[in-house]
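Student: Just one file: my_file.cif, with mmCIF, C-alpha atoms.
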data_run
#
loop_
_atom_site.label_atom_id
_atom_site.label_comp_id
_atom_site.auth_asym_id
_atom_site.auth_seq_id
_atom_site.Cartn_x
_atom_site.Cartn_y
_atom_site.Cartn_z
CA MET D 1 115.12 78.75 65.72
CA ASN D 2 113.13 75.85 64.33
CA ILE D 3 109.36 76.30 64.62
CA ALA D 4 109.18 72.92 66.36
CA SER D 5 110.99 74.35 69.38
CA LYS D 6 109.15 77.59 70.07
CA LYS D 7 109.26 78.36 73.78
CA ILE D 8 106.34 80.18 75.43
CA LEU D 9 106.16 81.64 78.94
CA LEU D 10 102.73 82.09 80.53
CA VAL D 11 102.92 84.48 83.49
CA GLY D 12 99.99 84.67 85.94
CA GLU D 13 96.63 82.93 85.48
CA SER D 14 96.59 81.60 89.07
CA TRP D 15 95.40 82.70 92.49
CA VAL D 16 95.22 81.68 96.14
CA SER D 17 91.92 81.84 98.06
CA SER D 18 91.56 82.08 101.82
CA ALA D 19 88.23 81.20 103.44
CA VAL D 20 86.73 81.04 106.94
CA HIS D 21 84.20 78.25 107.56
CA TYR D 22 81.60 78.73 110.29
CA LYS D 23 79.92 75.68 111.84
CA GLY D 24 77.76 76.88 114.68
CA PHE D 25 79.97 78.07 117.53
CA ASP D 26 83.14 76.85 115.83
CA SER D 27 85.06 78.12 112.84
CA PHE D 28 88.22 77.25 110.94
CA GLY D 29 90.15 78.60 107.98
CA SER D 30 91.41 77.09 104.75
CA THR D 31 93.65 78.20 101.91
CA THR D 32 93.46 76.81 98.38
CA PHE D 33 95.51 77.31 95.21
CA HIS D 34 93.73 77.67 91.86
CA SER D 35 95.08 77.64 88.32
CA GLY D 36 93.16 79.01 85.36
CA ALA D 37 95.86 77.85 82.96
CA THR D 38 94.65 74.25 82.62
CA PRO D 39 92.51 74.70 79.45
CA PHE D 40 95.32 76.55 77.69
CA LEU D 41 98.02 74.08 78.75
CA LYS D 42 95.83 71.18 77.65
CA ALA D 43 95.20 72.84 74.29
CA MET D 44 98.94 73.27 73.71
CA ASN D 45 99.70 69.57 74.20
CA GLU D 46 101.15 67.96 71.08
CA THR D 47 101.72 71.29 69.36
CA CYS D 48 105.00 72.91 68.33
CA PHE D 49 104.87 75.17 71.39
CA GLU D 50 106.68 74.30 74.61
CA VAL D 51 104.85 76.18 77.38
CA THR D 52 106.24 77.08 80.80
CA HIS D 53 103.65 78.27 83.33
CA MET D 54 104.89 80.75 85.93
CA PRO D 55 102.07 81.14 88.50
CA ALA D 56 101.31 84.63 89.76
CA HIS D 57 102.80 84.07 93.22
CA GLU D 58 106.13 83.00 91.69
CA ALA D 59 106.44 85.89 89.22
CA PRO D 60 107.63 88.63 91.66
CA GLU D 61 110.80 86.68 92.41
CA THR D 62 111.19 84.30 89.45
CA LEU D 63 110.63 86.41 86.31
CA PRO D 64 114.15 87.26 85.06
CA LEU D 65 115.68 90.62 85.87
CA THR D 66 117.72 90.71 82.66
CA LEU D 67 116.89 91.02 78.99
CA GLU D 68 119.01 87.96 78.33
CA GLY D 69 116.88 86.01 80.79
CA LEU D 70 113.66 87.02 79.03
CA ARG D 71 115.07 86.09 75.63
CA GLN D 72 115.03 82.40 76.49
CA TRP D 73 111.36 82.52 75.47
CA ASP D 74 110.09 83.28 71.96
CA CYS D 75 106.83 84.68 73.35
CA ILE D 76 105.65 85.84 76.78
CA ILE D 77 101.97 85.84 77.77
CA LEU D 78 100.74 88.06 80.62
CA SER D 79 97.39 86.78 81.85
CA ASP D 80 95.43 88.13 84.82
CA ILE D 81 98.47 89.47 86.69
CA GLY D 82 98.96 93.06 87.80
CA SER D 83 101.98 95.20 87.04
CA SER D 84 102.84 95.43 90.75
CA SER D 85 103.73 91.72 90.75
CA LEU D 86 106.53 92.49 88.28
CA LEU D 87 107.58 95.79 89.83
CA LEU D 88 107.84 94.59 93.44
CA HIS D 89 110.65 92.05 93.49
CA PRO D 90 111.28 90.80 97.07
CA ASP D 91 114.53 92.82 97.14
CA VAL D 92 112.44 95.98 96.61
CA TRP D 93 109.41 95.08 98.74
CA GLN D 94 111.20 93.48 101.68
CA HIS D 95 114.72 94.95 101.62
CA SER D 96 114.37 98.38 99.91
CA LYS D 97 117.04 97.56 97.34
CA THR D 98 117.05 98.61 93.70
CA VAL D 99 116.50 96.11 90.88
CA PRO D 100 115.94 96.49 87.12
CA ASN D 101 112.43 97.53 86.09
CA ARG D 102 110.93 94.44 84.45
CA LEU D 103 108.23 96.47 82.69
CA SER D 104 111.01 98.33 80.88
CA LEU D 105 112.76 95.03 80.17
CA LEU D 106 109.57 93.61 78.64
CA HIS D 107 109.32 96.71 76.47
CA ASP D 108 112.88 96.19 75.25
CA TYR D 109 112.25 92.46 74.79
CA VAL D 110 109.45 93.26 72.32
CA GLU D 111 111.30 96.12 70.64
CA GLN D 112 114.21 93.79 69.93
CA GLY D 113 112.08 91.02 68.43
CA GLY D 114 110.12 89.20 71.14
CA GLY D 115 106.43 88.34 71.04
CA LEU D 116 104.13 89.53 73.83
CA ALA D 117 100.44 88.84 74.49
CA MET D 118 98.25 90.40 77.16
CA ILE D 119 95.14 88.39 78.01
CA GLY D 120 92.15 89.90 79.78
CA GLY D 121 91.11 89.39 83.37
CA TYR D 122 90.58 91.09 86.70
CA LEU D 123 94.25 92.15 86.95
CA THR D 124 95.31 92.77 83.35
CA PHE D 125 94.88 95.99 81.42
CA GLN D 126 93.55 98.28 84.18
CA GLY D 127 91.51 95.60 85.93
CA ILE D 128 89.25 95.54 88.96
CA ASP D 129 89.28 98.86 90.84
CA GLY D 130 92.13 99.89 88.51
CA LYS D 131 94.48 97.51 90.38
CA GLY D 132 96.02 95.96 87.26
CA ARG D 133 97.79 99.30 86.70
CA TRP D 134 99.12 98.60 83.23
CA ARG D 135 98.12 102.08 82.02
CA ASN D 136 101.03 104.38 81.09
CA THR D 137 103.61 101.61 81.58
CA PRO D 138 106.40 100.68 79.15
CA VAL D 139 104.50 97.44 78.47
CA GLU D 140 101.32 99.30 77.46
CA LYS D 141 103.40 101.28 74.96
CA THR D 142 104.09 98.07 73.02
CA LEU D 143 100.47 96.85 72.97
CA PRO D 144 97.85 97.30 70.23
CA VAL D 145 95.50 98.85 72.82
CA ARG D 146 95.55 101.54 75.49
CA CYS D 147 94.07 101.20 78.97
CA TYR D 148 91.43 103.46 80.50
CA PRO D 149 92.28 105.10 83.86
CA TYR D 150 89.58 103.25 85.80
CA ASP D 151 88.08 99.84 86.56
CA ASP D 152 87.73 98.57 83.00
CA ARG D 153 85.77 95.34 83.51
CA ILE D 154 82.66 94.74 81.43
CA GLU D 155 80.57 91.93 82.90
CA ILE D 156 78.28 90.32 80.33
CA PRO D 157 76.11 87.80 82.23
CA GLU D 158 73.82 87.36 79.24
CA GLY D 159 76.82 86.41 77.08
CA THR D 160 78.13 87.87 73.83
CA LYS D 161 79.76 86.36 70.77
CA ALA D 162 82.75 87.67 68.88
CA ILE D 163 82.28 89.82 65.80
CA VAL D 164 85.12 88.87 63.46
CA ASP D 165 86.18 92.10 61.76
CA GLN D 166 88.85 90.58 59.48
CA PRO D 167 87.72 87.00 58.73
CA ASP D 168 90.45 86.48 56.11
CA HIS D 169 93.29 87.19 58.54
CA ALA D 170 95.73 84.35 59.25
CA LEU D 171 94.80 84.40 62.95
CA PHE D 172 91.44 82.88 61.98
CA ASP D 173 92.75 80.13 59.70
CA GLY D 174 90.98 76.87 60.54
CA VAL D 175 88.73 78.52 63.14
CA PRO D 176 85.00 77.66 62.89
CA ASP D 177 82.67 80.52 62.00
CA GLN D 178 80.37 80.04 65.01
CA TRP D 179 82.04 81.12 68.26
CA PRO D 180 80.76 80.26 71.76
CA ALA D 181 79.67 83.08 74.05
CA LEU D 182 81.92 85.09 76.36
CA LEU D 183 80.81 86.43 79.75
CA GLY D 184 83.03 89.47 80.13
CA MET D 185 86.03 91.47 78.95
CA ASN D 186 88.22 94.50 79.62
CA GLU D 187 87.33 97.83 78.04
CA VAL D 188 90.24 99.35 76.11
CA MET D 189 91.02 101.81 73.33
CA LEU D 190 92.60 100.72 70.05
CA ALA D 191 96.13 102.09 69.67
CA GLU D 192 97.31 104.01 66.64
CA ASP D 193 98.34 101.75 63.73
CA ALA D 194 96.94 98.63 65.47
CA GLN D 195 94.80 96.10 63.62
CA LEU D 196 91.38 95.32 65.10
CA LEU D 197 90.59 91.70 64.27
CA ALA D 198 87.52 91.02 66.43
CA SER D 199 85.03 93.00 68.48
CA ALA D 200 82.25 92.25 70.97
CA GLN D 201 78.83 93.85 71.36
CA THR D 202 77.87 94.68 74.95
CA ALA D 203 75.21 96.74 76.68
CA GLN D 204 77.75 99.59 76.75
CA GLY D 205 78.41 99.38 73.00
CA THR D 206 80.89 97.64 70.70
CA HIS D 207 84.41 97.11 72.08
CA PRO D 208 87.73 95.74 70.82
CA LEU D 209 88.12 92.04 71.63
CA LEU D 210 91.22 91.02 69.67
CA ALA D 211 93.91 93.33 68.31
CA ILE D 212 97.50 93.03 67.08
CA THR D 213 100.39 95.30 66.19
CA SER D 214 104.09 95.35 65.46
CA TYR D 215 106.44 97.22 67.78
CA GLY D 216 110.06 97.66 66.82
CA LYS D 217 111.20 94.22 65.65
CA GLY D 218 108.57 92.41 67.73
CA ARG D 219 104.86 91.73 67.71
CA THR D 220 102.14 92.06 70.35
CA LEU D 221 98.59 90.78 70.71
CA ALA D 222 95.78 91.75 73.06
CA TRP D 223 92.80 89.49 73.78
CA MET D 224 90.43 91.39 76.03
CA SER D 225 88.56 88.43 77.50
CA ASP D 226 89.83 85.56 79.69
CA MET D 227 91.70 82.42 78.67
CA SER D 228 89.56 80.42 81.14
CA PRO D 229 86.49 80.84 83.41
CA HIS D 230 84.77 82.87 84.47
CA TRP D 231 84.71 85.19 81.44
CA LEU D 232 85.60 82.34 79.08
CA PRO D 233 83.21 79.43 79.78
CA SER D 234 84.19 75.79 79.42
CA GLU D 235 82.04 75.66 76.26
CA PHE D 236 84.57 78.03 74.71
CA SER D 237 87.72 76.22 75.87
CA ASP D 238 86.19 72.87 74.78
CA TRP D 239 85.37 74.33 71.35
CA PRO D 240 87.84 73.20 68.61
CA GLY D 241 88.39 76.83 67.68
CA TYR D 242 89.97 77.58 71.06
CA ARG D 243 92.99 75.39 70.37
CA GLN D 244 93.28 76.62 66.80
CA LEU D 245 93.08 80.27 67.85
CA TRP D 246 95.95 79.79 70.30
CA ILE D 247 98.05 77.99 67.69
CA ASN D 248 97.41 80.87 65.30
CA TYR D 249 98.12 83.53 67.96
CA LEU D 250 101.45 81.99 68.95
CA THR D 251 102.48 81.27 65.37
CA TRP D 252 101.94 84.92 64.46
CA LEU D 253 103.64 86.25 67.60
CA THR D 254 106.77 84.15 67.12
CA ARG D 255 107.33 85.13 63.49
CA ALA D 256 108.61 88.61 64.28
#
How would this structure read if it were set down as structure tokens?

Tutor:
Amino acid sequence: MNIASKKILLVGESWVSSAVHYKGFDSFGSTTFHSGATPFLKAMNETCFEVTHMPAHEAPETLPLTLEGLRQWDCIILSDIGSSSLLLHPDVWQHSKTVPNRLSLLHDYVEQGGGLAMIGGYLTFQGIDGKGRWRNTPVEKTLPVRCYPYDDRIEIPEGTKAIVDQPDHALFDGVPDQWPALLGMNEVMLAEDAQLLASAQTAQGTHPLLAITSYGKGRTLAWMSDMSPHWLPSEFSDWPGYRQLWINYLTWLTRA
């Protein structure tokens, strides 16, 4: 496939909030939809990557149930979405029917040449209260990192900047040396044979921030912080390096 037509699927990176508003004796409720994908989608404008965003609430039903369906994309990004959203298709959750396991399909998608990225957040890796539940899944097996069996969030309110461990790597081509601060990340372990490209210093110690590996015929990447607020401030997404990093990430992932 020509590099000018690389197709990328972003799964997750959205949420719905429900609130109750109290005004004296009276109260009323409201529900709002939020997307954290805007900075990334904006950065990918006028690049060689054609991005489809599948919001988290659509993924349980819409993500394909066949390997052929997944292969329509050159790279799939999982961002801030728990494994349950892919395991519990409406036929399973509402009608107690069997369907293919999409975590196994994603494993096979990578093994047979697809690119896969997992981006940090409250529901990726193990996530808040361990609810991401990516540990010991077929997807985790493909990743350059392994999840801890507990709430793995590291909140960094004072901010921390990336430590680039391999500055000469192609993933940093054209990226400025001075990185803006990050406000949090997921704690993970580096997998065997993975390449650690960047780390972050926190009050708990130094942790992997960016890692890559090859799996079968495919490639995978793990970025342990967010792609948007709150862990990734607007100063980071407005930084020229943000767009260049994503171009480099997707270029590398789609050259399997």

Student: Quick one: residues within 10 Å of region 226-240 of chain D, only C-alpha atoms counted, chain neighbours fewer than 4 positions away excluded, as a PyMOL selection string?

Tutor: chain D and resi 13+35-40+42-43+79-80+119-122+124+154-157+159+174-176+178-186+244-246

Student: Any idea what's packed within 12 Å of region 190-196 of chain D, counting all atoms listed in the file, ignoring anything in its chain fewer than 3 positions away? Could you give it as an mmCIF file with C-alpha atoms, in the frame of the given file?

Tutor:
data_model
loop_
_atom_site.group_PDB
_atom_site.id
_atom_site.type_symbol
_atom_site.label_atom_id
_atom_site.label_comp_id
_atom_site.auth_asym_id
_atom_site.auth_seq_id
_atom_site.Cartn_x
_atom_site.Cartn_y
_atom_site.Cartn_z
ATOM 1 C CA GLU D 140 101.320 99.300 77.460
ATOM 2 C CA LYS D 141 103.400 101.280 74.960
ATOM 3 C CA THR D 142 104.090 98.070 73.020
ATOM 4 C CA LEU D 143 100.470 96.850 72.970
ATOM 5 C CA PRO D 144 97.850 97.300 70.230
ATOM 6 C CA VAL D 145 95.500 98.850 72.820
ATOM 7 C CA ARG D 146 95.550 101.540 75.490
ATOM 8 C CA CYS D 147 94.070 101.200 78.970
ATOM 9 C CA TYR D 148 91.430 103.460 80.500
ATOM 10 C CA ILE D 163 82.280 89.820 65.800
ATOM 11 C CA VAL D 164 85.120 88.870 63.460
ATOM 12 C CA ASP D 165 86.180 92.100 61.760
ATOM 13 C CA GLN D 166 88.850 90.580 59.480
ATOM 14 C CA PRO D 167 87.720 87.000 58.730
ATOM 15 C CA HIS D 169 93.290 87.190 58.540
ATOM 16 C CA LEU D 171 94.800 84.400 62.950
ATOM 17 C CA GLU D 187 87.330 97.830 78.040
ATOM 18 C CA SER D 199 85.030 93.000 68.480
ATOM 19 C CA ALA D 200 82.250 92.250 70.970
ATOM 20 C CA HIS D 207 84.410 97.110 72.080
ATOM 21 C CA PRO D 208 87.730 95.740 70.820
ATOM 22 C CA LEU D 209 88.120 92.040 71.630
ATOM 23 C CA LEU D 210 91.220 91.020 69.670
ATOM 24 C CA ALA D 211 93.910 93.330 68.310
ATOM 25 C CA ILE D 212 97.500 93.030 67.080
ATOM 26 C CA THR D 213 100.390 95.300 66.190
ATOM 27 C CA SER D 214 104.090 95.350 65.460
ATOM 28 C CA TYR D 215 106.440 97.220 67.780
ATOM 29 C CA ARG D 219 104.860 91.730 67.710
ATOM 30 C CA THR D 220 102.140 92.060 70.350
ATOM 31 C CA LEU D 221 98.590 90.780 70.710
ATOM 32 C CA ALA D 222 95.780 91.750 73.060
ATOM 33 C CA TRP D 223 92.800 89.490 73.780
ATOM 34 C CA MET D 224 90.430 91.390 76.030
#

Student: Let me have the centre and edge lengths of the axis-aligned box enclosing all listed atoms of region 85-102 of chain D with 4 Å padding on every side, in Å to one decimal, as AutoDock Vina command-line options.

Tutor:
--center_x 110.4 --center_y 94.7 --center_z 93.1 --size_x 21.3 --size_y 15.8 --size_z 25.2

Student: Rounded to one decimal, what separation in Å do you get between CA of Lys7 (chain D) and CA of Ala59 (chain D)?

Tutor: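 Going from CA of Lys7 (chain D) over to CA of Ala59 (chain D), I get 17.4 Å.
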
Student: If the PyMOL selection byres ((chain D and resi 33) around 10) is run on the structure shown, which residues does it catch, given as a compact mmCIF listing (two decimals) with C-alpha atoms, in the frame of the given file?

Tutor:
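What follows is the written file expr-v9.txt:
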# COMPACT_ATOMS: atom_id res chain seq x y z
CA SER D 14 96.59 81.60 89.07
CA TRP D 15 95.40 82.70 92.49
CA VAL D 16 95.22 81.68 96.14
CA SER D 17 91.92 81.84 98.06
CA SER D 18 91.56 82.08 101.82
CA THR D 31 93.65 78.20 101.91
CA THR D 32 93.46 76.81 98.38
CA HIS D 34 93.73 77.67 91.86
CA SER D 35 95.08 77.64 88.32

Student: Any idea what the distance is between CA of Lys6 (chain D) and CA of Thr52 (chain D)?

Tutor: 11.1 Å

Student: Taking the file as shown, what set of residues would the PyMOL selection byres ((chain D and resi 203) around 10) give back, as a PyMOL selection string?

Tutor: chain D and resi 154-156+158+160+201-202+204-206

Student: Using the incomplete input, complete region 150-161 of chain D to the level of all heavy atoms; output as an mmCIF file, in the frame of the given file.

Tutor:
data_model
loop_
_atom_site.group_PDB
_atom_site.id
_atom_site.type_symbol
_atom_site.label_atom_id
_atom_site.label_comp_id
_atom_site.auth_asym_id
_atom_site.auth_seq_id
_atom_site.Cartn_x
_atom_site.Cartn_y
_atom_site.Cartn_z
ATOM 1 N N TYR D 150 90.567 103.646 84.800
ATOM 2 C CA TYR D 150 89.580 103.250 85.800
ATOM 3 C C TYR D 150 89.318 101.754 85.714
ATOM 4 O O TYR D 150 89.877 101.076 84.855
ATOM 5 C CB TYR D 150 88.263 104.030 85.613
ATOM 6 C CG TYR D 150 87.742 104.077 84.190
ATOM 7 C CD1 TYR D 150 87.193 102.955 83.568
ATOM 8 C CD2 TYR D 150 87.795 105.266 83.451
ATOM 9 C CE1 TYR D 150 86.715 102.994 82.268
ATOM 10 C CE2 TYR D 150 87.313 105.321 82.142
ATOM 11 C CZ TYR D 150 86.783 104.180 81.565
ATOM 12 O OH TYR D 150 86.307 104.228 80.271
ATOM 13 N N ASP D 151 88.506 101.237 86.611
ATOM 14 C CA ASP D 151 88.080 99.840 86.560
ATOM 15 C C ASP D 151 87.472 99.584 85.182
ATOM 16 O O ASP D 151 86.448 100.170 84.821
ATOM 17 C CB ASP D 151 87.055 99.585 87.669
ATOM 18 C CG ASP D 151 86.642 98.120 87.805
ATOM 19 O OD1 ASP D 151 86.565 97.418 86.777
ATOM 20 O OD2 ASP D 151 86.365 97.690 88.933
ATOM 21 N N ASP D 152 88.120 98.717 84.408
ATOM 22 C CA ASP D 152 87.730 98.570 83.000
ATOM 23 C C ASP D 152 86.952 97.297 82.704
ATOM 24 O O ASP D 152 86.751 96.939 81.554
ATOM 25 C CB ASP D 152 88.972 98.631 82.096
ATOM 26 C CG ASP D 152 89.981 97.520 82.381
ATOM 27 O OD1 ASP D 152 89.663 96.588 83.159
ATOM 28 O OD2 ASP D 152 91.099 97.584 81.830
ATOM 29 N N ARG D 153 86.494 96.597 83.755
ATOM 30 C CA ARG D 153 85.770 95.340 83.510
ATOM 31 C C ARG D 153 84.395 95.603 82.911
ATOM 32 O O ARG D 153 83.683 96.514 83.323
ATOM 33 C CB ARG D 153 85.584 94.585 84.826
ATOM 34 C CG ARG D 153 86.869 94.057 85.457
ATOM 35 C CD ARG D 153 86.585 93.588 86.864
ATOM 36 N NE ARG D 153 86.013 94.657 87.672
ATOM 37 C CZ ARG D 153 84.985 94.516 88.500
ATOM 38 N NH1 ARG D 153 84.395 93.337 88.639
ATOM 39 N NH2 ARG D 153 84.551 95.548 89.201
ATOM 40 N N ILE D 154 84.024 94.770 81.952
ATOM 41 C CA ILE D 154 82.660 94.740 81.430
ATOM 42 C C ILE D 154 82.122 93.342 81.685
ATOM 43 O O ILE D 154 82.576 92.373 81.066
ATOM 44 C CB ILE D 154 82.608 95.064 79.926
ATOM 45 C CG1 ILE D 154 83.247 96.422 79.627
ATOM 46 C CG2 ILE D 154 81.162 95.028 79.431
ATOM 47 C CD1 ILE D 154 83.302 96.754 78.145
ATOM 48 N N GLU D 155 81.197 93.223 82.618
ATOM 49 C CA GLU D 155 80.570 91.930 82.900
ATOM 50 C C GLU D 155 79.393 91.748 81.949
ATOM 51 O O GLU D 155 78.577 92.656 81.770
ATOM 52 C CB GLU D 155 80.104 91.873 84.351
ATOM 53 C CG GLU D 155 81.212 92.087 85.384
ATOM 54 C CD GLU D 155 82.213 90.937 85.447
ATOM 55 O OE1 GLU D 155 81.950 89.863 84.833
ATOM 56 O OE2 GLU D 155 83.267 91.102 86.098
ATOM 57 N N ILE D 156 79.316 90.585 81.334
ATOM 58 C CA ILE D 156 78.280 90.320 80.330
ATOM 59 C C ILE D 156 77.562 89.023 80.711
ATOM 60 O O ILE D 156 77.771 87.967 80.085
ATOM 61 C CB ILE D 156 78.893 90.215 78.916
ATOM 62 C CG1 ILE D 156 79.898 91.341 78.658
ATOM 63 C CG2 ILE D 156 77.802 90.242 77.853
ATOM 64 C CD1 ILE D 156 80.715 91.171 77.398
ATOM 65 N N PRO D 157 76.729 89.040 81.756
ATOM 66 C CA PRO D 157 76.110 87.800 82.230
ATOM 67 C C PRO D 157 75.218 87.136 81.200
ATOM 68 O O PRO D 157 75.023 85.910 81.234
ATOM 69 C CB PRO D 157 75.325 88.248 83.464
ATOM 70 C CG PRO D 157 75.105 89.712 83.269
ATOM 71 C CD PRO D 157 76.318 90.214 82.555
ATOM 72 N N GLU D 158 74.670 87.930 80.274
ATOM 73 C CA GLU D 158 73.820 87.360 79.240
ATOM 74 C C GLU D 158 74.619 86.719 78.103
ATOM 75 O O GLU D 158 74.072 86.016 77.260
ATOM 76 C CB GLU D 158 72.896 88.450 78.659
ATOM 77 C CG GLU D 158 73.579 89.505 77.803
ATOM 78 C CD GLU D 158 74.234 90.638 78.575
ATOM 79 O OE1 GLU D 158 74.540 90.467 79.778
ATOM 80 O OE2 GLU D 158 74.452 91.711 77.970
ATOM 81 N N GLY D 159 75.935 86.967 78.096
ATOM 82 C CA GLY D 159 76.820 86.410 77.080
ATOM 83 C C GLY D 159 76.859 87.247 75.814
ATOM 84 O O GLY D 159 75.900 87.947 75.464
ATOM 85 N N THR D 160 77.983 87.202 75.124
ATOM 86 C CA THR D 160 78.130 87.870 73.830
ATOM 87 C C THR D 160 79.090 87.055 72.983
ATOM 88 O O THR D 160 79.969 86.365 73.505
ATOM 89 C CB THR D 160 78.670 89.304 73.984
ATOM 90 O OG1 THR D 160 78.618 89.968 72.711
ATOM 91 C CG2 THR D 160 80.102 89.320 74.490
ATOM 92 N N LYS D 161 78.901 87.106 71.686
ATOM 93 C CA LYS D 161 79.760 86.360 70.770
ATOM 94 C C LYS D 161 80.641 87.321 69.974
ATOM 95 O O LYS D 161 80.256 88.462 69.708
ATOM 96 C CB LYS D 161 78.931 85.482 69.842
ATOM 97 C CG LYS D 161 78.197 84.374 70.581
ATOM 98 C CD LYS D 161 77.523 83.405 69.637
ATOM 99 C CE LYS D 161 76.844 82.275 70.408
ATOM 100 N NZ LYS D 161 76.209 81.285 69.510
#
